[in-house]
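S.K.: start_18.cif is the file, holding mmCIF, C-alpha atoms:
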data_structure
#
loop_
_atom_site.label_atom_id
_atom_site.label_comp_id
_atom_site.auth_asym_id
_atom_site.auth_seq_id
_atom_site.Cartn_x
_atom_site.Cartn_y
_atom_site.Cartn_z
CA MET A 176 0.00 0.00 0.00
CA ILE A 177 2.76 2.44 0.92
CA ALA A 178 4.59 1.60 -2.32
CA ILE A 179 1.50 2.61 -4.29
CA ILE A 180 1.24 5.95 -2.53
CA ILE A 181 4.92 6.86 -2.67
CA GLY A 182 5.26 5.70 -6.27
CA ALA A 183 2.42 7.96 -7.31
CA SER A 184 4.04 10.93 -5.61
CA ARG A 185 7.21 10.86 -7.65
CA ASN A 186 5.82 13.02 -10.50
CA LEU A 187 3.92 15.37 -8.19
CA GLY A 188 5.87 18.60 -8.28
CA SER A 189 8.20 16.70 -10.62
CA GLU A 190 10.89 15.82 -8.09
CA GLY A 191 11.00 12.28 -9.40
CA ASP A 192 11.16 12.85 -13.14
CA PRO A 193 13.97 10.63 -14.44
CA SER A 194 15.27 13.35 -16.73
CA THR A 195 15.70 15.93 -13.98
CA ALA A 196 19.47 15.67 -14.41
CA THR A 197 19.08 17.20 -17.88
CA ALA A 198 17.44 20.28 -16.43
CA VAL A 199 20.11 20.52 -13.75
CA GLU A 200 22.78 20.40 -16.44
CA GLY A 201 21.03 23.27 -18.18
CA ILE A 202 20.69 25.27 -14.98
CA THR A 203 24.34 24.72 -14.07
CA ALA A 204 25.56 25.53 -17.54
CA ASN A 205 29.16 24.54 -16.95
CA ALA A 206 28.41 21.16 -15.36
CA ALA A 207 29.22 17.96 -17.25
CA GLY A 208 26.67 15.72 -15.53
CA PRO A 209 24.60 15.27 -12.36
CA ASN A 210 27.64 14.75 -10.09
CA ALA A 211 29.30 17.84 -11.52
CA ALA A 212 26.05 19.77 -11.15
CA ILE A 213 25.81 18.75 -7.49
CA ALA A 214 29.44 19.71 -6.90
CA ALA A 215 28.86 23.10 -8.53
CA LEU A 216 25.78 23.73 -6.39
CA GLU A 217 27.58 22.64 -3.23
CA GLU A 218 30.33 25.12 -4.05
CA ARG A 219 27.73 27.85 -4.54
CA THR A 220 26.28 27.21 -1.09
CA ARG A 221 29.74 27.25 0.47
CA LYS A 222 30.55 30.59 -1.12
CA ASP A 223 27.16 32.08 -0.32
CA PRO A 224 25.17 30.25 2.37
CA ALA A 225 22.34 32.74 1.84
CA ASP A 226 21.83 31.70 -1.81
CA VAL A 227 18.35 30.20 -1.50
CA GLU A 228 18.22 29.30 -5.18
CA ALA A 229 21.36 27.19 -4.83
CA TRP A 230 19.92 25.36 -1.81
CA GLN A 231 16.70 24.67 -3.70
CA LEU A 232 18.49 23.31 -6.74
CA LEU A 233 20.84 21.30 -4.55
CA GLY A 234 17.86 19.73 -2.78
CA TRP A 235 16.34 19.00 -6.17
CA SER A 236 19.55 17.37 -7.42
CA TYR A 237 20.09 15.32 -4.25
CA PHE A 238 16.52 14.03 -4.45
CA GLU A 239 16.92 12.85 -8.02
CA ASN A 240 20.08 10.99 -7.07
CA GLY A 241 18.40 9.20 -4.17
CA ARG A 242 20.15 11.24 -1.47
CA TYR A 243 16.92 12.00 0.34
CA LEU A 244 18.32 13.02 3.71
CA ASP A 245 20.77 15.39 2.01
CA SER A 246 17.85 16.69 -0.04
CA ALA A 247 15.84 17.33 3.13
CA ASN A 248 18.77 19.19 4.68
CA ALA A 249 19.13 21.39 1.59
CA TYR A 250 15.41 22.15 1.44
CA GLY A 251 15.51 22.85 5.17
CA LYS A 252 18.08 25.57 4.47
CA ALA A 253 15.80 26.98 1.76
CA THR A 254 12.83 27.13 4.14
CA LYS A 255 14.88 29.07 6.68
CA LEU A 256 16.01 31.57 4.07
CA GLU A 257 12.57 32.00 2.47
CA PRO A 258 10.00 30.64 4.94
CA ASP A 259 7.05 31.92 2.92
CA ARG A 260 7.64 29.69 -0.13
CA ALA A 261 5.21 26.75 -0.02
CA VAL A 262 7.14 24.74 -2.59
CA TYR A 263 10.20 24.63 -0.33
CA TRP A 264 8.15 23.24 2.55
CA SER A 265 6.36 20.61 0.47
CA SER A 266 9.64 19.57 -1.15
CA LEU A 267 11.16 19.26 2.33
CA GLY A 268 8.24 17.09 3.42
CA GLU A 269 8.57 14.77 0.43
CA SER A 270 12.30 14.39 0.99
CA LEU A 271 11.70 13.49 4.64
CA VAL A 272 9.12 10.89 3.62
CA MET A 273 11.55 9.30 1.19
CA ALA A 274 14.43 9.44 3.66
CA ASP A 275 12.60 7.48 6.36
CA GLU A 276 12.46 3.77 5.50
CA SER A 277 10.45 2.79 8.57
CA ASN A 278 7.86 5.56 8.97
CA PRO A 279 5.71 6.39 5.93
CA MET A 280 4.75 9.78 7.36
CA PRO A 281 7.34 11.19 9.80
CA LYS A 282 6.09 13.97 12.10
CA ALA A 283 8.56 16.45 10.59
CA ALA A 284 7.27 15.66 7.08
CA LYS A 285 3.64 16.10 8.16
CA ALA A 286 4.55 19.42 9.78
CA ALA A 287 6.23 20.56 6.55
CA PHE A 288 3.16 19.69 4.48
CA ASP A 289 0.91 21.46 7.00
CA LYS A 290 3.08 24.56 6.69
CA ALA A 291 3.02 24.40 2.88
CA ILE A 292 -0.76 24.10 2.68
CA ILE A 293 -1.19 27.15 4.90
CA LEU A 294 1.08 29.16 2.61
CA ASP A 295 -0.50 27.83 -0.59
CA PRO A 296 -3.76 25.85 -0.32
CA LYS A 297 -3.35 24.81 -3.97
CA ASP A 298 0.14 23.31 -3.62
CA PRO A 299 -0.34 19.89 -5.27
CA ARG A 300 2.47 18.07 -3.48
CA SER A 301 1.29 18.98 0.02
CA ARG A 302 -2.35 18.29 -0.90
CA TYR A 303 -1.36 14.85 -2.14
CA PHE A 304 0.69 13.90 0.92
CA LEU A 305 -1.83 15.26 3.41
CA ALA A 306 -4.35 12.92 1.79
CA VAL A 307 -1.77 10.15 2.18
CA SER A 308 -1.64 11.01 5.88
CA LYS A 309 -5.40 10.60 6.11
CA ASP A 310 -5.19 7.23 4.39
CA LEU A 311 -2.48 6.07 6.76
CA ASP A 312 -4.65 7.14 9.72
CA GLY A 313 -7.49 4.95 8.41
CA ASP A 314 -9.59 7.71 6.84
CA HIS A 315 -9.55 6.07 3.41
CA ARG A 316 -12.68 7.78 2.14
CA GLY A 317 -11.43 11.17 3.29
CA ALA A 318 -8.13 10.56 1.50
CA ILE A 319 -9.89 9.56 -1.70
CA ASN A 320 -12.11 12.66 -1.52
CA ASP A 321 -9.04 14.88 -1.15
CA TRP A 322 -7.31 13.17 -4.07
CA LEU A 323 -10.47 13.63 -6.16
CA LYS A 324 -10.44 17.36 -5.36
CA LEU A 325 -6.79 17.48 -6.40
CA LEU A 326 -7.67 15.68 -9.63
CA LYS A 327 -10.34 18.29 -10.38
CA ASP A 328 -7.66 20.99 -10.11
CA THR A 329 -5.10 19.01 -12.10
CA PRO A 330 -4.48 20.18 -15.70
CA LYS A 331 -5.00 17.60 -18.40
CA ASN A 332 -1.80 15.66 -19.08
CA ALA A 333 -0.09 16.98 -15.95
CA PRO A 334 2.92 14.78 -15.07
CA TRP A 335 1.15 13.35 -12.00
CA GLU A 336 -2.33 12.85 -13.54
CA ALA A 337 -2.10 9.14 -14.42
CA ASP A 338 -0.47 8.18 -11.11
CA LEU A 339 -3.03 10.19 -9.13
CA ILE A 340 -5.90 8.39 -10.87
CA ARG A 341 -4.20 5.04 -10.30
CA THR A 342 -3.77 5.81 -6.59
CA ILE A 343 -7.47 6.66 -6.24
CA GLU A 344 -8.45 3.46 -8.02
CA GLN A 345 -6.11 1.23 -6.03
CA VAL A 346 -6.89 2.71 -2.60
CA GLY A 347 -10.59 2.39 -3.45
CA LYS A 348 -10.15 -1.23 -4.48
CA ILE A 349 -8.11 -2.18 -1.40
CA ASN A 350 -10.67 -0.60 0.93
CA LYS A 351 -13.75 -1.68 -1.05
CA ILE A 352 -14.78 1.90 -1.89
CA ASP A 353 -16.45 2.37 -5.28
CA VAL A 354 -14.68 5.27 -7.00
CA ILE A 355 -15.89 4.79 -10.58
CA LYS A 356 -18.66 7.40 -10.47
CA SER A 357 -16.58 9.83 -8.40
CA LEU A 358 -13.68 9.59 -10.83
CA ALA A 359 -15.99 10.13 -13.79
CA SER A 360 -17.52 13.18 -12.09
CA ALA A 361 -14.09 14.62 -11.30
CA GLN A 362 -12.97 14.11 -14.88
CA GLU A 363 -16.09 15.79 -16.26
CA SER A 364 -15.54 18.89 -14.14
CA ARG A 365 -12.05 19.45 -15.51
CA ASN A 366 -11.40 21.91 -18.35
CA SER A 367 -10.58 19.87 -21.44
CA ASP A 368 -12.16 21.76 -24.33
CA LEU A 369 -10.12 23.95 -26.66
CA SER A 370 -12.03 27.09 -25.75
CA ALA A 371 -10.71 26.76 -22.20
CA THR A 372 -7.23 26.30 -23.65
CA LEU A 373 -7.62 29.48 -25.67
CA LYS A 374 -8.77 31.43 -22.63
CA SER A 375 -5.85 30.15 -20.62
CA ILE A 376 -3.35 31.32 -23.22
CA ALA A 377 -5.13 34.65 -23.67
CA ALA A 378 -5.17 35.28 -19.92
CA ALA A 379 -1.43 34.80 -19.52
CA PRO A 380 0.05 37.99 -18.01
CA ILE A 381 2.98 37.90 -20.43
CA PRO A 382 3.29 38.60 -24.18
CA GLY A 383 1.30 36.19 -26.32
CA PRO A 384 -1.60 35.97 -28.79
CA SER A 385 -3.76 39.08 -28.74
CA LYS A 386 -7.44 39.21 -27.76
CA ALA A 387 -8.23 39.63 -31.45
CA ASP A 388 -6.33 36.41 -32.20
CA MET A 389 -8.32 34.61 -29.52
CA ALA A 390 -11.63 35.97 -30.77
CA GLN A 391 -10.79 34.90 -34.30
CA ALA A 392 -9.77 31.43 -33.13
CA ALA A 393 -12.97 30.98 -31.13
CA LYS A 394 -15.04 31.43 -34.30
CA LEU A 395 -13.24 28.67 -36.19
CA PRO A 396 -14.29 24.99 -36.37
CA PRO A 397 -12.49 22.85 -33.73
CA GLY A 398 -9.97 21.42 -36.20
CA GLN A 399 -9.00 24.85 -37.48
CA GLN A 400 -8.87 26.18 -33.91
CA GLN A 401 -6.28 23.56 -33.10
CA GLN A 402 -4.28 24.45 -36.21
CA MET A 403 -4.35 28.14 -35.34
CA VAL A 404 -3.24 27.55 -31.74
CA THR A 405 -0.47 25.23 -32.89
CA SER A 406 0.64 27.78 -35.47
CA MET A 407 0.77 30.56 -32.87
CA VAL A 408 2.78 28.45 -30.44
CA GLU A 409 5.22 27.33 -33.14
CA GLY A 410 5.52 30.94 -34.27
CA LEU A 411 6.48 31.94 -30.73
CA GLU A 412 9.09 29.18 -30.62
CA THR A 413 10.56 30.41 -33.92
CA LYS A 414 10.81 33.95 -32.54
CA LEU A 415 12.56 32.66 -29.43
CA ALA A 416 15.10 30.82 -31.55
CA LYS A 417 16.01 34.20 -33.03
CA ASN A 418 15.77 36.08 -29.74
CA PRO A 419 16.51 33.60 -26.91
CA LYS A 420 16.99 36.40 -24.35
CA ASN A 421 13.21 36.96 -24.19
CA VAL A 422 12.58 35.41 -20.77
CA ASP A 423 8.86 36.19 -20.69
CA GLY A 424 8.54 34.65 -24.13
CA TRP A 425 10.01 31.38 -22.84
CA ILE A 426 7.55 31.39 -19.94
CA MET A 427 4.72 31.91 -22.42
CA LEU A 428 6.00 29.01 -24.51
CA MET A 429 6.18 26.71 -21.49
CA ARG A 430 2.67 27.75 -20.46
CA SER A 431 1.34 27.10 -23.96
CA ARG A 432 3.03 23.70 -24.25
CA MET A 433 1.68 22.61 -20.85
CA THR A 434 -1.81 23.86 -21.69
CA LEU A 435 -1.73 21.83 -24.90
CA GLY A 436 -0.50 18.75 -23.03
CA GLU A 437 2.94 18.82 -24.68
CA THR A 438 4.89 18.27 -21.48
CA ALA A 439 8.09 17.04 -23.14
CA LYS A 440 8.22 20.16 -25.31
CA ALA A 441 7.58 22.33 -22.24
CA LYS A 442 10.53 20.68 -20.51
CA ALA A 443 12.70 21.21 -23.59
CA ALA A 444 11.70 24.88 -23.59
CA LEU A 445 12.74 25.19 -19.94
CA THR A 446 16.15 23.66 -20.63
CA LYS A 447 16.74 25.95 -23.62
CA SER A 448 15.52 29.03 -21.78
CA VAL A 449 17.84 28.52 -18.82
CA ALA A 450 20.81 27.74 -21.07
CA ALA A 451 20.18 31.03 -22.91
CA ASN A 452 19.41 33.03 -19.76
CA PRO A 453 21.42 31.67 -16.81
CA GLU A 454 20.98 34.95 -14.97
CA ALA A 455 17.19 34.39 -15.00
CA GLN A 456 17.30 30.73 -13.98
CA SER A 457 15.53 31.36 -10.67
CA LYS A 458 12.57 33.08 -12.32
CA LEU A 459 12.34 30.48 -15.07
CA LEU A 460 12.46 27.55 -12.66
CA LYS A 461 9.86 29.09 -10.34
CA GLU A 462 7.49 29.69 -13.26
CA ALA A 463 8.10 26.17 -14.57
CA GLN A 464 7.27 24.75 -11.14
CA ILE A 465 4.01 26.68 -11.05
CA LEU A 466 3.12 25.33 -14.48
CA GLY A 467 4.01 21.77 -13.51
CA VAL A 468 6.75 21.35 -16.10
CA PRO A 469 8.38 17.91 -15.70
CA GLY A 470 11.75 17.98 -13.97
CA THR A 471 11.10 21.02 -11.76
#
Output the file's structure as structure tokens, nothing else.
M.R.:
Amino acid sequence: MIAIIIGASRNLGSEGDPSTATAVEGITANAAGPNAAIAALEERTRKDPADVEAWQLLGWSYFENGRYLDSANAYGKATKLEPDRAVYWSSLGESLVMADESNPMPKAAKAAFDKAIILDPKDPRSRYFLAVSKDLDGDHRGAINDWLKLLKDTPKNAPWEADLIRTIEQVGKINKIDVIKSLASAQESRNSDLSATLKSIAAAPIPGPSKADMAQAAKLPPGQQQQMVTSMVEGLETKLAKNPKNVDGWIMLMRSRMTLGETAKAKAALTKSVAANPEAQSKLLKEAQILGVPGT
């Protein structure tokens, strides 16, 4: 049972994406691989112990390499430097869960998730693990209900979507709770039509398709809508190839790729954007985390 829960968590917040090392290589532009990236980040923290970004990335890198206690220590440093960042607290909690081989929900991890959810009630990682805590305490139905609420807020094709659904199904099956209708209802309430996609892109607070473009697209048949959206996104990518210093443009591209369910392309955009703009790596990574880009 614990294996099911922890396995499903690995994509939530993207700590467990197997290609995280690629993003770390991009973020630490001079590193030759994950060990070199870790060494570079360790050196950064030695030179500047107040560099919260370095502690975050170090925690991220340790986690991917299975060094969960080291990851927890690094994230702990990040929470002390910026205590109001929910993602640091939920990342700390997940690292503590993975570091403890005997206790599936250590008190320190639960406290970290509780802190994260206060700071950001929508933080997916803390929402997931707090539901895990309920399940471990015997409140299986309450856990399933919380996971269903998380599913309703989960974008289509998010990295953790399939595992979240599988967890709901398996916990329901083990505890003889029928989740078929609840899952169907949660799925129906999610935004999956192209008009919602168009609105999401149009509402982005960074340069992108104009309101006129969106209005024009909304009048087209569905097939042509898709072609127009794809054309606009590809056009943005072409512009960024010519002007890779446009940080907001990269964020728009990542947002568009995630909205369209093209998670691998969103991840590629993140790697390219950081390689082209190492001075903006903190902003790019934070935005990518918000969007749920794999590997962040």
S.K.: Got a sec: who's within 10 Å of Lys458 of chain A, counting only C-alpha atoms, leaving out chain neighbours fewer than 4 positions off, as a PDB file with C-alpha atoms, keeping the file's coordinate frame?
M.R.:
ATOM      1  CA  GLU A 228      18.220  29.300  -5.180  1.00  0.00           C
ATOM      2  CA  VAL A 422      12.580  35.410 -20.770  1.00  0.00           C
ATOM      3  CA  ASP A 423       8.860  36.190 -20.690  1.00  0.00           C
ATOM      4  CA  ILE A 426       7.550  31.390 -19.940  1.00  0.00           C
ATOM      5  CA  VAL A 449      17.840  28.520 -18.820  1.00  0.00           C
ATOM      6  CA  GLU A 454      20.980  34.950 -14.970  1.00  0.00           C
ATOM      7  CA  GLU A 462       7.490  29.690 -13.260  1.00  0.00           C
ATOM      8  CA  ALA A 463       8.100  26.170 -14.570  1.00  0.00           C
ATOM      9  CA  GLN A 464       7.270  24.750 -11.140  1.00  0.00           C
TER      10      GLN A 464
END
S.K.: Quick check on the file I pasted: which residues fall under the PyMOL selection byres ((chain A and resi 232) around 10)? Write them as a ChimeraX atom specification.
M.R.: /A:199,202-203,212-213,216-217,227-231,233-238,246,249-250,253,457,460,471
S.K.: Keeping C-alpha atoms, export the residues of the selection given above as a tab-separated table (two decimals), in the coordinates of the input.
M.R.:
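And here's out-v8.tsv as it stands now:
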chain	number	residue	atom	x	y	z
A	199	VAL	CA	20.11	20.52	-13.75
A	202	ILE	CA	20.69	25.27	-14.98
A	203	THR	CA	24.34	24.72	-14.07
A	212	ALA	CA	26.05	19.77	-11.15
A	213	ILE	CA	25.81	18.75	-7.49
A	216	LEU	CA	25.78	23.73	-6.39
A	217	GLU	CA	27.58	22.64	-3.23
A	227	VAL	CA	18.35	30.20	-1.50
A	228	GLU	CA	18.22	29.30	-5.18
A	229	ALA	CA	21.36	27.19	-4.83
A	230	TRP	CA	19.92	25.36	-1.81
A	231	GLN	CA	16.70	24.67	-3.70
A	233	LEU	CA	20.84	21.30	-4.55
A	234	GLY	CA	17.86	19.73	-2.78
A	235	TRP	CA	16.34	19.00	-6.17
A	236	SER	CA	19.55	17.37	-7.42
A	237	TYR	CA	20.09	15.32	-4.25
A	238	PHE	CA	16.52	14.03	-4.45
A	246	SER	CA	17.85	16.69	-0.04
A	249	ALA	CA	19.13	21.39	1.59
A	250	TYR	CA	15.41	22.15	1.44
A	253	ALA	CA	15.80	26.98	1.76
A	457	SER	CA	15.53	31.36	-10.67
A	460	LEU	CA	12.46	27.55	-12.66
A	471	THR	CA	11.10	21.02	-11.76
S.K.: Can you work out the spacing between atom CA of Asp298 of chain A and atom CA of Thr329 of chain A in Å, to one decimal?
M.R.: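 Atom CA of Asp298 of chain A sits 10.9 Å away from atom CA of Thr329 of chain A.
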S.K.: Nearest to Glu437 of chain A among A:Gly347, A:Ala261, A:Ala214, A:Lys331, with distances taken over all atoms listed in the file: which residue is it?
M.R.: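 Between A:Gly347, A:Ala261, A:Ala214, A:Lys331, the residue approaching Glu437 of chain A most closely is A:Lys331.
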S.K.: Report, as lines of an AutoDock Vina configuration file, the centre and edge lengths in Å (one decimal) of the axis-aligned box enclosing every listed atom of segment 315-329 of chain A, padded by 3 Å on each side.
M.R.:
center_x = -8.9
center_y = 13.5
center_z = -4.3
size_x = 13.6
size_y = 20.9
size_z = 21.5
S.K.: In Å to one decimal, how far is atom CA of Ile349 of chain A from atom CA of Asp314 of chain A?
M.R.: 13.0 Å
S.K.: Grab the atom CA of Val408 of chain A to atom CA of Asn452 of chain A distance for me, in Å with one decimal place.
M.R.: 20.3 Å
S.K.: Ranking A:Leu466, A:Lys417, A:Gln362, A:Ala441 by minimum distance to Ala337 of chain A and counting all atoms listed in the file, which one comes first?
M.R.: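 When distances to Ala337 of chain A are compared using all atoms listed in the file, the smallest one comes from A:Gln362.
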S.K.: Report as a ChimeraX atom specification all protein, DNA and RNA residues lying within 12 Å of Pro296 of chain A, evaluated on all atoms listed in the file, omitting residues in the same chain fewer than 5 positions from it.
M.R.: /A:261-262,265,288-291,301-303,305,324-325,328
S.K.: For segment 311-313 of chain A, list every protein, DNA or RNA residue within 9 Å, evaluated using only C-alpha atoms, and leave out those in the same chain fewer than 4 positions away; present the list as number ranges by chain.
M.R.: A: 177, 279-280, 306-307, 317-318
S.K.: Within 8 Å of Leu271 of chain A, counting only C-alpha atoms, which residues qualify if same-chain residues fewer than 2 places away don't, as number ranges by chain?
M.R.: A: 243-244, 247, 267-269, 273-275, 281, 283-284
S.K.: Given all atoms listed in the file as the basis, pick out the residue of A:Lys447, A:His315, A:Pro419, A:Asp259 nearest to Asp353 of chain A.
M.R.: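 The answer is A:His315, which sits nearest to Asp353 of chain A.
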S.K.: Please determine, counting only C-alpha atoms, which residue among A:Thr220, A:Lys282, A:Pro330, A:Ser406 has the shortest atom-to-atom distance to Thr434 of chain A.
M.R.: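 That would be A:Pro330, the residue with the smallest distance to Thr434 of chain A.
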